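So the structure is just underneath, and the comments pick up after that.
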Amino acid sequence: MAPGYAAEAAVDALRRGRIVGVGGLAVLSAELADSVSLKALEVAGRAGLVITARRAAVLKLANQIGAAVGDAEPVWVERPTWLDLPGSRAVADPVLDLATPLKGPFTTRALGADAESARAAIVLAKHAALLPAVYAVPLRGVAAVVVTGLADVLGLPAAAADVRISSRARLPLALAEATEVVAFRPSDGGPEHLALVIGDPSRSGPVLVRLHSACLTGDVLGSLKCDCGPQLHAALAAIAANAGGGILLYLQQEGRGIGLLNKLRAYALQDQGFDTVDANTRLGFEPDERDFGLAAAMLTQLGVRSVSLMTNNPLKVDGLASHGLVVERIEHSMAPNPHNVAYLGTKRDRQGHLL
Ligand SMILES: Nc1nc2c(ncn2[C@@H]2O[C@H](COP(=O)(O)OP(=O)(O)OP(=O)(O)O)[C@@H](O)[C@H]2O)c(=O)[nH]1
Ligand SMILES: [Zn+2]
């Protein structure tokens, strides 16, 4: 199940703005490329830009190749000579749309034999928490710092959910004194996740569970833009008050899996008037990039088979159920504030939240 080392090394190199080989392509992160690295990539010819179908739809490019919105297939955008580095970056980064109005018209080309490589390149970029957009050329003759195979890259998401318990300790919390923290390490070398086991939950019946995805801005800084901080605290308090206790999973899935920086880009787009769903898709992401197989694996290792899940999000219920857990849902909604009332409305109206 664990991918080879090359895929993980490629994620790391991509995050450092280096050229990596993936399948038949040499690629470079669109947001990190500079004139030097782009020149090294273009040693034998002009690079194209590989973007997601989501971003292509925003740029009105998907139609050119008959791709549907949300189609898994990425789109290859040709890079004409007039499209300079800042202009190319603007193809990938919608935050710059106003500063660098798109010139267009752009043309796309069918991916053909490069389709799998392009798809893997997007997996790498997402795994690296970068914008899902890369410069790409045929790999032959290009000096890549690491070359990885397609199967390895496509195994990365599963490896992120392949976790092992690495430590356990008592962690008395202000809201839940009888807490034990159980730390999980994923086999892809990615961020660690925590389970807070509160009280002594019996595994013979449903365990009261909250899946909490990290939100630095809400959890730590007290941001009013979302409901994460209040939901976290209310969940801890409710589990502590429950006679049978329960478990809160603290999952390092910032920004619904797009990473902190990309979430802050989404916030910049929200400042421009886009809602939380459109902000994600303008960036080229799915509205929710999380994989709840990770949470299912953690619960299973804790001996949990059946859960009373505190959530309004049907994706969480389906995610755990699809991995064999028995799930009953318990509502977990907070009173809105003036800064998050529209956000909560979008989650209800466009993401199926049961509020
Ligand atoms: N991309 C993106 N992520 C956001 C935004 N606001 C909050 N988040 C993230 O959304 C996640 C919140 O997830 P959860 O607390 O698990 O809640 P949920 O999916 O809304 O479902 P509930 O269980 O009903 O609360 C965290 O990872 C936040 O960082 C936003 O505007 N854009
Ligand atoms: Zn939040």
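Convention: chains lettered A, B, ... in structure tokens order; per-chain residue numbering from 1; ligands numbered from 1 as shown.
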**Q.** Neighbourhood of ligand 1 at 6 Å, counting only C-alpha atoms and all ligand atoms, reported as a ChimeraX atom specification
**A.** /A:211-215,226,228,253-256,263,266,276,280,311-313
Q: Pick out the residues sitting within 8 Å of Ala176 in chain A, and hand them over as a list in words; count only C-alpha atoms, and ignore anything fewer than 5 positions along from it in its own chain.
A: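 Everything that qualifies: Ile198, Leu236, Ala237, Ile239 and Ala240 of chain A.
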Q. Near Arg119 in chain A, within 7 Å and counting only C-alpha atoms, which residues show up once chain neighbours fewer than 4 positions away are dropped, as number ranges by chain?
A. A: 73-74, 115, 123
Restrict the selected residues to C-alpha atoms and save them as a short mmCIF file (atom, residue, chain, number, x, y, z; two decimals), in the first residue's frame.
```
data_model
loop_
_atom_site.label_atom_id
_atom_site.label_comp_id
_atom_site.auth_asym_id
_atom_site.auth_seq_id
_atom_site.Cartn_x
_atom_site.Cartn_y
_atom_site.Cartn_z
CA GLU A 73 -9.36 14.82 -16.19
CA PRO A 74 -6.93 17.74 -15.98
CA ALA A 115 -3.39 11.94 -19.39
CA VAL A 123 -2.19 14.54 -7.23
#
```
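You will find CA of Leu261 in chain A at 10.9 Å from CA of Leu216 in chain A.
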Q: Would you kindly return, as a ChimeraX atom specification, each protein, DNA or RNA residue with an atom no farther than 12 Å from any atom of Asp227 in chain A, considering only C-alpha atoms and excluding same-chain residues fewer than 5 positions away?
A: /A:212-215,217-219,222,232-235,312,332-345,347
Q: Name all residues at most 8 Å from Gly24 in chain A (count only C-alpha atoms; drop same-chain ones fewer than 6 positions away) and give them as a ChimeraX atom specification.
A: /A:114,117,138-140
Q: Compile the contact shell of Pro314 in chain A as a PyMOL selection string: residues with an atom at most 10 Å away, counting only C-alpha atoms, same-chain residues fewer than 6 positions apart removed.
A: chain A and resi 329+351-354
Hey, can you spit out that residue selection with N, CA and C atoms as a PDB file, in the first residue's frame?
```
ATOM      1  N   ARG A 329     -26.203   9.708  13.200  1.00  0.00           N
ATOM      2  CA  ARG A 329     -25.783  11.104  13.235  1.00  0.00           C
ATOM      3  C   ARG A 329     -26.443  11.852  14.380  1.00  0.00           C
ATOM      4  N   GLN A 351     -23.566  22.473   0.137  1.00  0.00           N
ATOM      5  CA  GLN A 351     -22.779  21.308   0.505  1.00  0.00           C
ATOM      6  C   GLN A 351     -23.611  20.262   1.247  1.00  0.00           C
ATOM      7  N   GLY A 352     -24.929  20.479   1.218  1.00  0.00           N
ATOM      8  CA  GLY A 352     -25.817  19.475   1.789  1.00  0.00           C
ATOM      9  C   GLY A 352     -25.773  19.347   3.291  1.00  0.00           C
ATOM     10  N   HIS A 353     -25.253  20.381   3.981  1.00  0.00           N
ATOM     11  CA  HIS A 353     -25.191  20.278   5.439  1.00  0.00           C
ATOM     12  C   HIS A 353     -26.588  20.267   6.027  1.00  0.00           C
ATOM     13  N   LEU A 354     -26.770  19.404   6.990  1.00  0.00           N
ATOM     14  CA  LEU A 354     -28.100  19.181   7.565  1.00  0.00           C
ATOM     15  C   LEU A 354     -28.268  20.095   8.763  1.00  0.00           C
TER      16      LEU A 354
END
```
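Each of A:Ala47, A:Leu221, A:Leu130, A:Leu320 was compared to ligand 2 using only C-alpha atoms and all ligand atoms, and A:Leu221 turns out to be the nearest.
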Q: Output as a PyMOL selection string all residues of range 105-241 of chain A that backbone DSSP marks as alpha helix (DSSP H).
A: chain A and resi 115-127+150-154+156-160+228-241
Restrict the selected residues to N, CA and C atoms and save them as a JSON list (two decimals), in the first residue's frame.
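Output saved as again27.json:
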```
[["chain", "number", "residue", "atom", "x", "y", "z"],
["A", 115, "ALA", "N", -2.28, 11.74, -20.33],
["A", 115, "ALA", "CA", -3.39, 11.94, -19.39],
["A", 115, "ALA", "C", -3.06, 11.44, -17.98],
["A", 116, "GLU", "N", -2.54, 10.22, -17.90],
["A", 116, "GLU", "CA", -2.24, 9.66, -16.57],
["A", 116, "GLU", "C", -1.16, 10.46, -15.86],
["A", 117, "SER", "N", -0.14, 10.86, -16.62],
["A", 117, "SER", "CA", 0.95, 11.63, -16.01],
["A", 117, "SER", "C", 0.43, 12.98, -15.50],
["A", 118, "ALA", "N", -0.45, 13.59, -16.29],
["A", 118, "ALA", "CA", -1.01, 14.89, -15.88],
["A", 118, "ALA", "C", -1.86, 14.74, -14.62],
["A", 119, "ARG", "N", -2.63, 13.65, -14.59],
["A", 119, "ARG", "CA", -3.47, 13.40, -13.41],
["A", 119, "ARG", "C", -2.58, 13.20, -12.17],
["A", 120, "ALA", "N", -1.51, 12.45, -12.36],
["A", 120, "ALA", "CA", -0.59, 12.20, -11.24],
["A", 120, "ALA", "C", 0.10, 13.50, -10.80],
["A", 121, "ALA", "N", 0.41, 14.36, -11.76],
["A", 121, "ALA", "CA", 1.05, 15.64, -11.41],
["A", 121, "ALA", "C", 0.13, 16.47, -10.52],
["A", 122, "ILE", "N", -1.17, 16.44, -10.82],
["A", 122, "ILE", "CA", -2.13, 17.18, -9.99],
["A", 122, "ILE", "C", -2.22, 16.54, -8.60],
["A", 123, "VAL", "N", -2.19, 15.21, -8.54],
["A", 123, "VAL", "CA", -2.19, 14.54, -7.23],
["A", 123, "VAL", "C", -0.98, 15.00, -6.41],
["A", 124, "LEU", "N", 0.19, 15.05, -7.07],
["A", 124, "LEU", "CA", 1.41, 15.50, -6.38],
["A", 124, "LEU", "C", 1.24, 16.92, -5.85],
["A", 125, "ALA", "N", 0.74, 17.82, -6.70],
["A", 125, "ALA", "CA", 0.60, 19.23, -6.30],
["A", 125, "ALA", "C", -0.38, 19.36, -5.13],
["A", 126, "LYS", "N", -1.50, 18.63, -5.20],
["A", 126, "LYS", "CA", -2.47, 18.69, -4.09],
["A", 126, "LYS", "C", -1.86, 18.10, -2.82],
["A", 127, "HIS", "N", -1.13, 17.01, -2.97],
["A", 127, "HIS", "CA", -0.52, 16.39, -1.80],
["A", 127, "HIS", "C", 0.50, 17.33, -1.17],
["A", 150, "LEU", "N", 3.92, 6.44, -11.96],
["A", 150, "LEU", "CA", 2.51, 6.83, -11.77],
["A", 150, "LEU", "C", 1.85, 6.07, -10.63],
["A", 151, "ALA", "N", 2.11, 4.77, -10.54],
["A", 151, "ALA", "CA", 1.43, 3.96, -9.51],
["A", 151, "ALA", "C", 1.79, 4.48, -8.12],
["A", 152, "ASP", "N", 3.06, 4.87, -7.95],
["A", 152, "ASP", "CA", 3.49, 5.40, -6.65],
["A", 152, "ASP", "C", 2.71, 6.65, -6.28],
["A", 153, "VAL", "N", 2.57, 7.55, -7.25],
["A", 153, "VAL", "CA", 1.89, 8.82, -6.97],
["A", 153, "VAL", "C", 0.41, 8.56, -6.69],
["A", 154, "LEU", "N", -0.17, 7.70, -7.49],
["A", 154, "LEU", "CA", -1.60, 7.46, -7.29],
["A", 154, "LEU", "C", -1.86, 6.72, -5.98],
["A", 156, "LEU", "N", -0.43, 7.72, -3.18],
["A", 156, "LEU", "CA", -0.21, 8.67, -2.08],
["A", 156, "LEU", "C", -1.43, 8.91, -1.20],
["A", 157, "PRO", "N", -2.63, 9.14, -1.78],
["A", 157, "PRO", "CA", -3.78, 9.39, -0.90],
["A", 157, "PRO", "C", -4.04, 8.22, 0.06],
["A", 158, "ALA", "N", -3.88, 6.98, -0.43],
["A", 158, "ALA", "CA", -4.11, 5.84, 0.46],
["A", 158, "ALA", "C", -3.05, 5.81, 1.55],
["A", 159, "ALA", "N", -1.80, 6.17, 1.21],
["A", 159, "ALA", "CA", -0.73, 6.14, 2.21],
["A", 159, "ALA", "C", -0.98, 7.17, 3.31],
["A", 160, "ALA", "N", -1.63, 8.28, 2.94],
["A", 160, "ALA", "CA", -1.92, 9.31, 3.95],
["A", 160, "ALA", "C", -2.93, 8.80, 4.97],
["A", 228, "CYS", "N", -15.59, 26.68, 13.51],
["A", 228, "CYS", "CA", -14.72, 25.58, 13.97],
["A", 228, "CYS", "C", -14.38, 25.65, 15.45],
["A", 229, "GLY", "N", -13.95, 26.83, 15.91],
["A", 229, "GLY", "CA", -13.56, 26.95, 17.32],
["A", 229, "GLY", "C", -14.70, 26.58, 18.25],
["A", 230, "PRO", "N", -15.88, 27.23, 18.11],
["A", 230, "PRO", "CA", -17.01, 26.86, 18.97],
["A", 230, "PRO", "C", -17.40, 25.39, 18.84],
["A", 231, "GLN", "N", -17.33, 24.84, 17.61],
["A", 231, "GLN", "CA", -17.68, 23.42, 17.43],
["A", 231, "GLN", "C", -16.70, 22.53, 18.17],
["A", 232, "LEU", "N", -15.42, 22.89, 18.15],
["A", 232, "LEU", "CA", -14.39, 22.10, 18.84],
["A", 232, "LEU", "C", -14.66, 22.10, 20.34],
["A", 233, "HIS", "N", -14.87, 23.29, 20.87],
["A", 233, "HIS", "CA", -15.05, 23.39, 22.32],
["A", 233, "HIS", "C", -16.36, 22.74, 22.76],
["A", 234, "ALA", "N", -17.41, 22.94, 21.98],
["A", 234, "ALA", "CA", -18.71, 22.33, 22.34],
["A", 234, "ALA", "C", -18.62, 20.81, 22.27],
["A", 235, "ALA", "N", -17.86, 20.30, 21.30],
["A", 235, "ALA", "CA", -17.73, 18.84, 21.18],
["A", 235, "ALA", "C", -16.98, 18.28, 22.38],
["A", 236, "LEU", "N", -15.88, 18.93, 22.76],
["A", 236, "LEU", "CA", -15.11, 18.45, 23.93],
["A", 236, "LEU", "C", -16.00, 18.45, 25.17],
["A", 237, "ALA", "N", -16.74, 19.54, 25.34],
["A", 237, "ALA", "CA", -17.59, 19.65, 26.53],
["A", 237, "ALA", "C", -18.69, 18.59, 26.51],
["A", 238, "ALA", "N", -19.29, 18.37, 25.34],
["A", 238, "ALA", "CA", -20.39, 17.39, 25.25],
["A", 238, "ALA", "C", -19.88, 15.98, 25.50],
["A", 239, "ILE", "N", -18.71, 15.67, 24.97],
["A", 239, "ILE", "CA", -18.17, 14.31, 25.17],
["A", 239, "ILE", "C", -17.81, 14.12, 26.65],
["A", 240, "ALA", "N", -17.23, 15.18, 27.25],
["A", 240, "ALA", "CA", -16.86, 15.08, 28.66],
["A", 240, "ALA", "C", -18.11, 14.91, 29.53],
["A", 241, "ALA", "N", -19.22, 15.54, 29.12],
["A", 241, "ALA", "CA", -20.44, 15.46, 29.91],
["A", 241, "ALA", "C", -21.19, 14.14, 29.68]]
```
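With only C-alpha atoms and all ligand atoms as the atoms that count, the residue of A:Met310, A:Val220, A:Leu41, A:Leu299 with the shortest distance to ligand 2 is A:Val220.
Nearest to Arg203 in chain A of all the residues A:Val304, A:Leu264, A:Val77, A:Ala178 is A:Val304, counting only C-alpha atoms.
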